[in-house]
Structures are given as C-alpha cells and as structure tokens.
file upload.cif (mmCIF, N, CA and C atoms)
data_entry
#
loop_
_atom_site.label_atom_id
_atom_site.label_comp_id
_atom_site.auth_asym_id
_atom_site.auth_seq_id
_atom_site.Cartn_x
_atom_site.Cartn_y
_atom_site.Cartn_z
N MET A 209 135.52 38.23 76.84
CA MET A 209 136.87 37.77 76.63
C MET A 209 137.26 38.10 75.20
N ASN A 210 138.46 38.63 75.00
CA ASN A 210 138.85 39.00 73.65
C ASN A 210 139.47 37.82 72.92
N ASP A 211 139.56 37.94 71.58
CA ASP A 211 140.05 36.84 70.75
C ASP A 211 141.54 36.60 70.93
N SER A 212 142.28 37.56 71.45
CA SER A 212 143.72 37.41 71.60
C SER A 212 144.12 36.86 72.97
N ALA A 213 143.15 36.48 73.77
CA ALA A 213 143.45 35.93 75.10
C ALA A 213 144.19 34.62 74.95
N PRO A 214 145.21 34.39 75.77
CA PRO A 214 145.94 33.13 75.70
C PRO A 214 145.02 31.96 76.00
N PRO A 215 145.32 30.79 75.43
CA PRO A 215 144.46 29.62 75.65
C PRO A 215 144.26 29.29 77.12
N THR A 216 145.27 29.52 77.95
CA THR A 216 145.11 29.20 79.37
C THR A 216 144.06 30.09 80.01
N ASP A 217 143.93 31.34 79.56
CA ASP A 217 142.89 32.22 80.06
C ASP A 217 141.51 31.69 79.68
N CYS A 218 141.37 31.18 78.48
CA CYS A 218 140.11 30.60 78.03
C CYS A 218 139.77 29.37 78.85
N LYS A 219 140.77 28.54 79.11
CA LYS A 219 140.54 27.33 79.90
C LYS A 219 140.13 27.70 81.31
N ALA A 220 140.81 28.66 81.89
CA ALA A 220 140.48 29.09 83.26
C ALA A 220 139.07 29.66 83.31
N ALA A 221 138.70 30.42 82.30
CA ALA A 221 137.34 30.99 82.25
C ALA A 221 136.31 29.88 82.11
N ALA A 222 136.59 28.88 81.29
CA ALA A 222 135.66 27.76 81.12
C ALA A 222 135.49 26.99 82.42
N ILE A 223 136.60 26.74 83.09
CA ILE A 223 136.54 26.01 84.36
C ILE A 223 135.79 26.82 85.41
N GLU A 224 136.03 28.12 85.45
CA GLU A 224 135.32 28.98 86.41
C GLU A 224 133.82 29.00 86.12
N THR A 225 133.45 29.04 84.85
CA THR A 225 132.03 29.01 84.48
C THR A 225 131.38 27.72 84.95
N ILE A 226 132.06 26.59 84.73
CA ILE A 226 131.51 25.30 85.17
C ILE A 226 131.38 25.28 86.69
N LYS A 227 132.37 25.80 87.40
CA LYS A 227 132.29 25.85 88.87
C LYS A 227 131.12 26.73 89.32
N GLN A 228 130.93 27.87 88.68
CA GLN A 228 129.83 28.76 89.04
C GLN A 228 128.48 28.08 88.81
N GLU A 229 128.39 27.33 87.73
CA GLU A 229 127.14 26.64 87.45
C GLU A 229 126.88 25.53 88.47
N HIS A 230 127.93 24.87 88.93
CA HIS A 230 127.77 23.87 89.99
C HIS A 230 127.29 24.54 91.28
N ARG A 231 127.87 25.70 91.59
CA ARG A 231 127.44 26.42 92.79
C ARG A 231 125.98 26.86 92.68
N ALA A 232 125.59 27.32 91.51
CA ALA A 232 124.20 27.76 91.31
C ALA A 232 123.23 26.59 91.49
N LEU A 233 123.56 25.45 90.93
CA LEU A 233 122.71 24.27 91.10
C LEU A 233 122.66 23.87 92.57
N SER A 234 123.77 23.93 93.25
CA SER A 234 123.81 23.61 94.67
C SER A 234 122.91 24.55 95.47
N GLN A 235 122.93 25.82 95.11
CA GLN A 235 122.09 26.80 95.82
C GLN A 235 120.60 26.54 95.57
N VAL A 236 120.25 26.15 94.37
CA VAL A 236 118.85 25.84 94.08
C VAL A 236 118.42 24.60 94.85
N LEU A 237 119.29 23.60 94.92
CA LEU A 237 118.98 22.40 95.70
C LEU A 237 118.81 22.73 97.18
N GLU A 238 119.66 23.60 97.68
CA GLU A 238 119.56 24.02 99.09
C GLU A 238 118.25 24.79 99.33
N LEU A 239 117.89 25.66 98.40
CA LEU A 239 116.61 26.37 98.50
C LEU A 239 115.45 25.38 98.54
N LEU A 240 115.48 24.40 97.67
CA LEU A 240 114.42 23.40 97.63
C LEU A 240 114.35 22.63 98.94
N ARG A 241 115.50 22.26 99.48
CA ARG A 241 115.54 21.54 100.75
C ARG A 241 114.91 22.36 101.87
N HIS A 242 115.27 23.63 101.95
CA HIS A 242 114.71 24.51 102.98
C HIS A 242 113.21 24.72 102.79
N LEU A 243 112.81 24.92 101.56
CA LEU A 243 111.39 25.12 101.27
C LEU A 243 110.57 23.92 101.70
N LEU A 244 111.04 22.74 101.32
CA LEU A 244 110.30 21.52 101.67
C LEU A 244 110.28 21.30 103.18
N ARG A 245 111.39 21.57 103.84
CA ARG A 245 111.44 21.42 105.29
C ARG A 245 110.47 22.37 105.97
N ASP A 246 110.49 23.64 105.55
CA ASP A 246 109.61 24.64 106.15
C ASP A 246 108.14 24.35 105.87
N MET A 247 107.83 23.85 104.70
CA MET A 247 106.45 23.51 104.37
C MET A 247 106.00 22.30 105.19
N ALA A 248 106.86 21.29 105.30
CA ALA A 248 106.50 20.08 106.04
C ALA A 248 106.29 20.37 107.52
N SER A 249 107.04 21.32 108.05
CA SER A 249 106.91 21.65 109.47
C SER A 249 105.75 22.61 109.74
N GLY A 250 105.13 23.13 108.69
CA GLY A 250 104.04 24.07 108.85
C GLY A 250 104.51 25.49 109.08
N TYR A 251 105.82 25.71 108.97
CA TYR A 251 106.39 27.04 109.19
C TYR A 251 105.98 28.02 108.09
N THR A 252 105.79 27.50 106.90
CA THR A 252 105.41 28.37 105.78
C THR A 252 104.37 27.66 104.91
N GLU A 253 103.58 28.45 104.22
CA GLU A 253 102.60 27.91 103.29
C GLU A 253 103.33 27.41 102.04
N PRO A 254 102.81 26.39 101.40
CA PRO A 254 103.43 25.93 100.16
C PRO A 254 103.45 27.03 99.10
N ASP A 255 104.61 27.20 98.49
CA ASP A 255 104.77 28.15 97.39
C ASP A 255 105.02 27.31 96.14
N PHE A 256 103.93 26.91 95.50
CA PHE A 256 104.03 25.98 94.38
C PHE A 256 104.73 26.61 93.18
N HIS A 257 104.60 27.91 93.02
CA HIS A 257 105.30 28.58 91.92
C HIS A 257 106.81 28.49 92.13
N LEU A 258 107.28 28.77 93.34
CA LEU A 258 108.71 28.69 93.62
C LEU A 258 109.21 27.25 93.52
N LEU A 259 108.41 26.32 94.01
CA LEU A 259 108.77 24.90 93.88
C LEU A 259 108.90 24.51 92.41
N ALA A 260 107.95 24.94 91.60
CA ALA A 260 107.98 24.62 90.17
C ALA A 260 109.21 25.22 89.50
N LEU A 261 109.54 26.46 89.86
CA LEU A 261 110.73 27.09 89.28
C LEU A 261 112.01 26.35 89.66
N ALA A 262 112.12 25.96 90.92
CA ALA A 262 113.30 25.24 91.38
C ALA A 262 113.41 23.89 90.66
N LEU A 263 112.31 23.17 90.57
CA LEU A 263 112.33 21.87 89.89
C LEU A 263 112.62 22.02 88.40
N TYR A 264 112.09 23.05 87.80
CA TYR A 264 112.37 23.31 86.38
C TYR A 264 113.86 23.55 86.18
N TYR A 265 114.44 24.37 87.02
CA TYR A 265 115.87 24.67 86.91
C TYR A 265 116.69 23.39 87.06
N ILE A 266 116.38 22.60 88.08
CA ILE A 266 117.11 21.36 88.35
C ILE A 266 116.98 20.39 87.18
N ASP A 267 115.81 20.35 86.58
CA ASP A 267 115.55 19.42 85.48
C ASP A 267 116.13 19.89 84.16
N GLU A 268 115.99 21.16 83.85
CA GLU A 268 116.32 21.67 82.52
C GLU A 268 117.74 22.21 82.37
N PHE A 269 118.23 22.94 83.35
CA PHE A 269 119.50 23.63 83.18
C PHE A 269 120.67 22.70 82.86
N PRO A 270 120.87 21.63 83.63
CA PRO A 270 122.04 20.79 83.34
C PRO A 270 122.05 20.25 81.92
N GLY A 271 120.93 19.73 81.46
CA GLY A 271 120.89 19.13 80.14
C GLY A 271 121.02 20.12 79.00
N ARG A 272 120.42 21.27 79.15
CA ARG A 272 120.42 22.25 78.06
C ARG A 272 121.70 23.07 77.95
N LEU A 273 122.28 23.46 79.08
CA LEU A 273 123.41 24.38 79.02
C LEU A 273 124.69 23.83 79.65
N HIS A 274 124.57 23.28 80.81
CA HIS A 274 125.75 22.93 81.58
C HIS A 274 126.52 21.73 81.01
N HIS A 275 125.84 20.64 80.71
CA HIS A 275 126.53 19.45 80.25
C HIS A 275 127.27 19.66 78.94
N ALA A 276 126.75 20.51 78.09
CA ALA A 276 127.44 20.81 76.83
C ALA A 276 128.80 21.46 77.10
N LYS A 277 128.87 22.31 78.09
CA LYS A 277 130.14 22.95 78.45
C LYS A 277 131.10 21.93 79.03
N GLU A 278 130.60 21.03 79.88
CA GLU A 278 131.47 19.99 80.44
C GLU A 278 132.00 19.10 79.33
N ASP A 279 131.15 18.73 78.39
CA ASP A 279 131.58 17.89 77.27
C ASP A 279 132.66 18.59 76.45
N LYS A 280 132.42 19.85 76.14
CA LYS A 280 133.32 20.60 75.26
C LYS A 280 134.67 20.89 75.93
N PHE A 281 134.65 21.26 77.19
CA PHE A 281 135.89 21.70 77.83
C PHE A 281 136.50 20.66 78.75
N PHE A 282 135.75 20.19 79.70
CA PHE A 282 136.32 19.33 80.73
C PHE A 282 136.55 17.91 80.23
N PHE A 283 135.50 17.26 79.75
CA PHE A 283 135.63 15.87 79.35
C PHE A 283 136.53 15.71 78.12
N ALA A 284 136.45 16.64 77.19
CA ALA A 284 137.32 16.59 76.01
C ALA A 284 138.79 16.69 76.42
N ALA A 285 139.09 17.57 77.35
CA ALA A 285 140.48 17.70 77.82
C ALA A 285 140.92 16.44 78.54
N LEU A 286 140.05 15.87 79.32
CA LEU A 286 140.36 14.63 80.03
C LEU A 286 140.66 13.51 79.04
N GLN A 287 139.86 13.41 78.00
CA GLN A 287 140.08 12.37 76.99
C GLN A 287 141.38 12.59 76.22
N ARG A 288 141.80 13.82 76.04
CA ARG A 288 143.05 14.09 75.34
C ARG A 288 144.25 13.63 76.15
N HIS A 289 144.12 13.58 77.46
CA HIS A 289 145.25 13.29 78.33
C HIS A 289 145.29 11.87 78.86
N THR A 290 144.19 11.15 78.79
CA THR A 290 144.16 9.79 79.30
C THR A 290 143.02 9.01 78.68
N GLU A 291 143.21 7.71 78.56
CA GLU A 291 142.14 6.83 78.08
C GLU A 291 141.44 6.14 79.24
N GLN A 292 141.93 6.37 80.43
CA GLN A 292 141.45 5.68 81.63
C GLN A 292 139.95 5.85 81.85
N PHE A 293 139.42 7.02 81.52
CA PHE A 293 138.02 7.32 81.81
C PHE A 293 137.11 7.22 80.60
N ASP A 294 137.63 6.78 79.47
CA ASP A 294 136.83 6.69 78.25
C ASP A 294 135.53 5.92 78.43
N PRO A 295 135.52 4.77 79.12
CA PRO A 295 134.24 4.06 79.29
C PRO A 295 133.20 4.89 80.05
N LEU A 296 133.64 5.74 80.95
CA LEU A 296 132.70 6.58 81.70
C LEU A 296 132.22 7.78 80.92
N LEU A 297 133.09 8.28 80.06
CA LEU A 297 132.75 9.48 79.31
C LEU A 297 131.94 9.15 78.08
#
call {"tool": "encode", "arguments": {"input": "upload.cif", "output": "structure tokens"}}
result
Amino acid sequence: MNDSAPPTDCKAAAIETIKQEHRALSQVLELLRHLLRDMASGYTEPDFHLLALALYYIDEFPGRLHHAKEDKFFFAALQRHTEQFDPLL
C-alpha cells in the first residue's frame, strides 16, 4: 500500500486483514476438528507433529499478531465513536 492511499483504503485493508486472519484461524480449528475425529475413529494414525503445529498456531497467533491489529484498528475506532463498549474493551 502506498503512503498516498486515502485513509478509507487503509481502513478497508486493515479490516480485510483482520477478516482474513479470522478465516485462517477458523480453518486451523476445522483442521484440528477433522484430525481429532479421524484419529478417534481409527481412520488415520495420530499425526502429533500436525497436531502440535495446529495447537501452536491457535495458542500463539492471536496473542502475538492478531489482537494487536484489532486493538489498533477495530477497537480504537469503536472507542472513538462510542463509550458504550469501553468496559469490554
């Protein structure tokens, strides 16, 4: 994104990034659900490396990268427009 992009373009890009990250987390959760179901049914052998990677992503990604973006873009904008959610934020 270039420095001369209008602020609305930056906001739209930030919102799209947050949405993409939510989709990615959803996909990892779905992968984990399928893996556990298939392992429990005996359909597949346990893949502990893949399980560890999925759990690592679920545990680490939101706190390290995603929540900072929500705080900076989404929650900050919400606080600028209303005090209604301040106790939650």
call {"tool": "atom_distance", "arguments": {"input": "upload.cif", "atom1": "atom N of Glu238 of chain A", "atom2": "atom C of Ala262 of chain A"}}
result
9.4 Å
call {"tool": "closest_residue", "arguments": {"input": "upload.cif", "among": "A:Cys218, A:Leu286, A:Ile266, A:Leu258", "to": "Ala232 of chain A", "atoms": "only C-alpha atoms"}}
result
A:Ile266
call {"tool": "residues_around", "arguments": {"input": "upload.cif", "residues": "Leu240 of chain A", "least_positions_apart": "5", "cutoff": "7 Å", "atoms": "all atoms listed in the file", "output": "list in words"}}
result
Gln235, Arg245, Leu259 and Ala262 of chain A
call {"tool": "residues_around", "arguments": {"input": "upload.cif", "residues": "Thr252 of chain A", "least_positions_apart": "6", "cutoff": "12 Å", "atoms": "only C-alpha atoms", "output": "ChimeraX atom specification"}}
result
/A:242-246
call {"tool": "write_last_selection", "arguments": {"input": "upload.cif", "atoms": "N, CA and C atoms", "output": "mmCIF file, keeping the file's coordinate frame"}}
result
data_model
loop_
_atom_site.group_PDB
_atom_site.id
_atom_site.type_symbol
_atom_site.label_atom_id
_atom_site.label_comp_id
_atom_site.auth_asym_id
_atom_site.auth_seq_id
_atom_site.Cartn_x
_atom_site.Cartn_y
_atom_site.Cartn_z
ATOM 1 N N HIS A 242 115.270 23.630 101.950
ATOM 2 C CA HIS A 242 114.710 24.510 102.980
ATOM 3 C C HIS A 242 113.210 24.720 102.790
ATOM 4 N N LEU A 243 112.810 24.920 101.560
ATOM 5 C CA LEU A 243 111.390 25.120 101.270
ATOM 6 C C LEU A 243 110.570 23.920 101.700
ATOM 7 N N LEU A 244 111.040 22.740 101.320
ATOM 8 C CA LEU A 244 110.300 21.520 101.670
ATOM 9 C C LEU A 244 110.280 21.300 103.180
ATOM 10 N N ARG A 245 111.390 21.570 103.840
ATOM 11 C CA ARG A 245 111.440 21.420 105.290
ATOM 12 C C ARG A 245 110.470 22.370 105.970
ATOM 13 N N ASP A 246 110.490 23.640 105.550
ATOM 14 C CA ASP A 246 109.610 24.640 106.150
ATOM 15 C C ASP A 246 108.140 24.350 105.870
#
